[in-house]
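Q: Below: one structure in structure tokens.
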Amino acid sequence: MTSETEVMVKATYISPDGTSTEIDVPLGTTLMQAATANCIEGIIGDCGGNVSCATCHVLVSSEFVDRLPPMSDAENQMLDYTVAPRQPNSRLSCQVLVTEELDGIVVEIADPQT
Ligand code: FES
């Protein structure tokens, strides 16, 4: 539930057609959860964040790549099974927990996801 004291950061999702959507994301939410809660098309999140579907693949803008939480082995392995080819800045958005450091993050939604 959202409260007035909840700390939010801005996150922008760029769709394959170039549409850019900025949303407020509560701290402690993943980029996948925020996208699905805001009906951002292209982030599917079939497995609910269990690192087993790779349908939440995003490409993170270069200035934020180094600020991301480290990648787990499970995420690293699953990124080898994305439908859109893996890139050096690929992440599974269900594994990116939003922190204040990520305020203003921009991610491109990988296409296709399935
Ligand atoms: S939601 Fe399934 S791997 Fe991210």
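All residue names refer to the structure tokens as shown: chains lettered A, B, ... in order, residues numbered from 1 in each chain, ligands numbered from 1 in order.
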Using only C-alpha atoms and all ligand atoms, find each residue with an atom at most 8 Å away from ligand 1 and format the answer as an mmCIF file with all heavy atoms, in the first residue's frame.
A:
```
data_model
loop_
_atom_site.group_PDB
_atom_site.id
_atom_site.type_symbol
_atom_site.label_atom_id
_atom_site.label_comp_id
_atom_site.auth_asym_id
_atom_site.auth_seq_id
_atom_site.Cartn_x
_atom_site.Cartn_y
_atom_site.Cartn_z
ATOM 1 N N MET A 32 10.701 -4.774 -12.142
ATOM 2 C CA MET A 32 9.644 -5.593 -12.752
ATOM 3 C C MET A 32 8.318 -5.344 -12.057
ATOM 4 O O MET A 32 7.292 -5.115 -12.701
ATOM 5 C CB MET A 32 10.026 -7.074 -12.694
ATOM 6 C CG MET A 32 9.010 -8.029 -13.305
ATOM 7 S SD MET A 32 7.605 -8.426 -12.235
ATOM 8 C CE MET A 32 8.296 -9.652 -11.161
ATOM 9 N N ILE A 44 6.878 -8.599 -18.833
ATOM 10 C CA ILE A 44 5.840 -9.601 -18.579
ATOM 11 C C ILE A 44 5.958 -10.152 -17.155
ATOM 12 O O ILE A 44 4.994 -10.159 -16.402
ATOM 13 C CB ILE A 44 5.915 -10.718 -19.642
ATOM 14 C CG1 ILE A 44 5.722 -10.089 -21.035
ATOM 15 C CG2 ILE A 44 4.848 -11.777 -19.372
ATOM 16 C CD1 ILE A 44 6.052 -10.999 -22.189
ATOM 17 N N GLY A 45 7.122 -10.634 -16.815
ATOM 18 C CA GLY A 45 7.312 -11.127 -15.446
ATOM 19 C C GLY A 45 6.507 -12.368 -15.137
ATOM 20 O O GLY A 45 5.935 -12.493 -14.057
ATOM 21 N N ASP A 46 6.489 -13.286 -16.082
ATOM 22 C CA ASP A 46 5.690 -14.521 -15.952
ATOM 23 C C ASP A 46 5.929 -15.302 -14.666
ATOM 24 O O ASP A 46 5.004 -15.871 -14.110
ATOM 25 C CB ASP A 46 6.030 -15.461 -17.122
ATOM 26 C CG ASP A 46 4.992 -15.381 -18.215
ATOM 27 O OD1 ASP A 46 3.898 -14.844 -17.958
ATOM 28 O OD2 ASP A 46 5.285 -15.859 -19.331
ATOM 29 N N CYS A 47 7.155 -15.372 -14.212
ATOM 30 C CA CYS A 47 7.463 -16.229 -13.052
ATOM 31 C C CYS A 47 7.315 -15.475 -11.729
ATOM 32 O O CYS A 47 7.577 -16.036 -10.665
ATOM 33 C CB CYS A 47 8.854 -16.830 -13.187
ATOM 34 S SG CYS A 47 10.191 -15.661 -12.873
ATOM 35 N N GLY A 48 6.910 -14.218 -11.803
ATOM 36 C CA GLY A 48 6.691 -13.453 -10.573
ATOM 37 C C GLY A 48 7.975 -13.053 -9.870
ATOM 38 O O GLY A 48 7.955 -12.712 -8.691
ATOM 39 N N GLY A 49 9.084 -13.121 -10.566
ATOM 40 C CA GLY A 49 10.344 -12.683 -9.971
ATOM 41 C C GLY A 49 11.196 -13.817 -9.433
ATOM 42 O O GLY A 49 12.115 -13.584 -8.657
ATOM 43 N N ASN A 50 10.886 -15.036 -9.859
ATOM 44 C CA ASN A 50 11.637 -16.204 -9.368
ATOM 45 C C ASN A 50 12.826 -16.581 -10.247
ATOM 46 O O ASN A 50 13.365 -17.689 -10.132
ATOM 47 C CB ASN A 50 10.702 -17.400 -9.216
ATOM 48 C CG ASN A 50 9.763 -17.216 -8.048
ATOM 49 O OD1 ASN A 50 10.181 -16.746 -6.983
ATOM 50 N ND2 ASN A 50 8.500 -17.535 -8.238
ATOM 51 N N VAL A 51 13.212 -15.685 -11.127
ATOM 52 C CA VAL A 51 14.387 -15.880 -11.988
ATOM 53 C C VAL A 51 14.262 -17.153 -12.828
ATOM 54 O O VAL A 51 15.226 -17.897 -13.005
ATOM 55 C CB VAL A 51 15.700 -15.916 -11.174
ATOM 56 C CG1 VAL A 51 16.893 -15.491 -12.042
ATOM 57 C CG2 VAL A 51 15.652 -15.039 -9.955
ATOM 58 N N SER A 52 13.065 -17.394 -13.345
ATOM 59 C CA SER A 52 12.922 -18.612 -14.144
ATOM 60 C C SER A 52 12.188 -18.397 -15.460
ATOM 61 O O SER A 52 11.868 -19.370 -16.140
ATOM 62 C CB SER A 52 12.220 -19.702 -13.324
ATOM 63 O OG SER A 52 10.968 -19.251 -12.893
ATOM 64 N N CYS A 53 11.930 -17.132 -15.855
ATOM 65 C CA CYS A 53 11.204 -16.940 -17.122
ATOM 66 C C CYS A 53 11.943 -16.034 -18.103
ATOM 67 O O CYS A 53 11.744 -16.151 -19.302
ATOM 68 C CB CYS A 53 9.804 -16.403 -16.866
ATOM 69 S SG CYS A 53 9.751 -14.675 -16.348
ATOM 70 N N ALA A 54 12.733 -15.118 -17.615
ATOM 71 C CA ALA A 54 13.479 -14.175 -18.459
ATOM 72 C C ALA A 54 12.569 -13.298 -19.320
ATOM 73 O O ALA A 54 12.970 -12.836 -20.379
ATOM 74 C CB ALA A 54 14.516 -14.901 -19.319
ATOM 75 N N THR A 55 11.328 -13.067 -18.873
ATOM 76 C CA THR A 55 10.422 -12.190 -19.630
ATOM 77 C C THR A 55 10.366 -10.780 -19.027
ATOM 78 O O THR A 55 9.421 -10.035 -19.266
ATOM 79 C CB THR A 55 8.991 -12.767 -19.686
ATOM 80 O OG1 THR A 55 8.462 -12.831 -18.349
ATOM 81 C CG2 THR A 55 8.970 -14.145 -20.332
ATOM 82 N N CYS A 56 11.380 -10.458 -18.263
ATOM 83 C CA CYS A 56 11.453 -9.119 -17.642
ATOM 84 C C CYS A 56 12.779 -8.463 -18.020
ATOM 85 O O CYS A 56 13.275 -7.608 -17.317
ATOM 86 C CB CYS A 56 11.328 -9.240 -16.131
ATOM 87 S SG CYS A 56 12.675 -10.207 -15.412
ATOM 88 N N HIS A 57 13.298 -8.867 -19.166
ATOM 89 C CA HIS A 57 14.626 -8.448 -19.637
ATOM 90 C C HIS A 57 14.623 -6.949 -19.992
ATOM 91 O O HIS A 57 13.776 -6.488 -20.741
ATOM 92 C CB HIS A 57 14.941 -9.310 -20.872
ATOM 93 C CG HIS A 57 16.251 -9.064 -21.522
ATOM 94 N ND1 HIS A 57 16.528 -9.514 -22.788
ATOM 95 C CD2 HIS A 57 17.381 -8.418 -21.101
ATOM 96 C CE1 HIS A 57 17.760 -9.170 -23.114
ATOM 97 N NE2 HIS A 57 18.295 -8.507 -22.113
ATOM 98 N N GLU A 75 20.580 -15.153 -11.929
ATOM 99 C CA GLU A 75 20.239 -14.137 -12.939
ATOM 100 C C GLU A 75 21.201 -14.224 -14.115
ATOM 101 O O GLU A 75 20.787 -14.181 -15.276
ATOM 102 C CB GLU A 75 20.280 -12.730 -12.319
ATOM 103 C CG GLU A 75 19.924 -11.646 -13.344
ATOM 104 C CD GLU A 75 20.014 -10.229 -12.809
ATOM 105 O OE1 GLU A 75 20.368 -10.046 -11.623
ATOM 106 O OE2 GLU A 75 19.729 -9.303 -13.589
ATOM 107 N N MET A 78 20.220 -17.130 -16.233
ATOM 108 C CA MET A 78 18.939 -16.933 -16.927
ATOM 109 C C MET A 78 19.070 -15.935 -18.068
ATOM 110 O O MET A 78 18.384 -16.050 -19.088
ATOM 111 C CB MET A 78 17.885 -16.477 -15.908
ATOM 112 C CG MET A 78 16.461 -16.436 -16.418
ATOM 113 S SD MET A 78 15.869 -17.933 -17.252
ATOM 114 C CE MET A 78 15.955 -19.115 -15.926
ATOM 115 N N LEU A 92 17.770 -8.646 -15.552
ATOM 116 C CA LEU A 92 16.387 -9.063 -15.349
ATOM 117 C C LEU A 92 15.790 -8.062 -14.368
ATOM 118 O O LEU A 92 16.295 -7.909 -13.242
ATOM 119 C CB LEU A 92 16.333 -10.483 -14.790
ATOM 120 C CG LEU A 92 16.853 -11.567 -15.739
ATOM 121 C CD1 LEU A 92 16.793 -12.931 -15.057
ATOM 122 C CD2 LEU A 92 16.073 -11.589 -17.051
ATOM 123 N N SER A 93 14.743 -7.387 -14.803
ATOM 124 C CA SER A 93 14.223 -6.291 -13.973
ATOM 125 C C SER A 93 13.630 -6.784 -12.659
ATOM 126 O O SER A 93 13.491 -6.007 -11.714
ATOM 127 C CB SER A 93 13.204 -5.453 -14.750
ATOM 128 O OG SER A 93 12.141 -6.247 -15.219
ATOM 129 N N CYS A 94 13.328 -8.074 -12.573
ATOM 130 C CA CYS A 94 12.811 -8.597 -11.294
ATOM 131 C C CYS A 94 13.914 -8.716 -10.253
ATOM 132 O O CYS A 94 13.640 -8.947 -9.079
ATOM 133 C CB CYS A 94 12.133 -9.947 -11.492
ATOM 134 S SG CYS A 94 13.250 -11.298 -11.913
ATOM 135 N N GLN A 95 15.157 -8.555 -10.677
ATOM 136 C CA GLN A 95 16.275 -8.674 -9.753
ATOM 137 C C GLN A 95 16.879 -7.325 -9.407
ATOM 138 O O GLN A 95 17.877 -7.239 -8.694
ATOM 139 C CB GLN A 95 17.348 -9.596 -10.348
ATOM 140 C CG GLN A 95 16.843 -11.004 -10.621
ATOM 141 C CD GLN A 95 16.278 -11.664 -9.376
ATOM 142 O OE1 GLN A 95 16.992 -11.884 -8.403
ATOM 143 N NE2 GLN A 95 14.976 -11.943 -9.379
#
```
Q: For the atom pair CA of Leu102 (chain A) and CA of Gly42 (chain A), what is the interatomic distance in Å to one decimal place?
A: 20.9 Å
Q: Between CA of Thr99 (chain A) and CA of Thr82 (chain A), what is the distance, to one decimal in Å?
A: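 That distance, rounded to one decimal, is 25.1 Å.
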Q: Any idea what's packed within 7 Å of region 14-22 of chain A, counting only C-alpha atoms, ignoring anything in its chain fewer than 5 positions away? Could you give it as a PyMOL selection string?
A: chain A and resi 107-109+111
Q: Just how far from CA of Thr12 (chain A) is CA of Asp24 (chain A), in Å to one decimal?
A: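 Spanning CA of Asp24 (chain A) to CA of Thr12 (chain A) is a straight-line distance of 8.9 Å.
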Q: Please identify which residues in chain A DSSP calls helix (DSSP H, G or I) from the backbone, and express them as JSON, numbers by chain.
A: {"A": [31, 32, 33, 34, 35, 36, 37, 62, 63, 64, 65, 73, 74, 75, 76, 77, 78, 79, 80, 81, 93, 94, 95, 100, 101, 102]}
Q: With only C-alpha atoms as the basis for distance, which of A:Gly104, A:Pro112, A:Arg67, A:Ser61 is at the shortest distance from Ile23 (chain A)?
A: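 Closest to Ile23 (chain A), using only C-alpha atoms: A:Gly104.
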Q: Could you go through chain A and tell me which residues DSSP, when run on the backbone, assigns to strand (DSSP E), listing them as a PyMOL selection string?
A: chain A and resi 8-14+20-26+57-60+90-92+105-109
Q: Which residues, written as a list in words, have at least one atom at most 8 Å from Thr29 (chain A), with only C-alpha atoms counted and residues fewer than 5 positions away on the same chain left out?
A: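 In the requested format, the answer is Ala34, Leu97 and Val98 of chain A.
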Q: For N, CA, C and O atoms, I'd like the residues from the last selection saved as a compact mmCIF listing (two decimals), in the first residue's frame.
A:
```txt
# COMPACT_ATOMS: atom_id res chain seq x y z
N ALA A 34 7.34 -2.77 -10.37
CA ALA A 34 6.86 -1.41 -10.66
C ALA A 34 6.28 -1.34 -12.06
O ALA A 34 5.24 -0.71 -12.29
N LEU A 97 16.33 -4.29 -7.39
CA LEU A 97 15.59 -3.67 -6.30
C LEU A 97 15.94 -2.18 -6.30
O LEU A 97 17.12 -1.83 -6.33
N VAL A 98 14.93 -1.35 -6.30
CA VAL A 98 15.16 0.08 -6.43
C VAL A 98 15.69 0.67 -5.11
O VAL A 98 15.16 0.42 -4.05
```
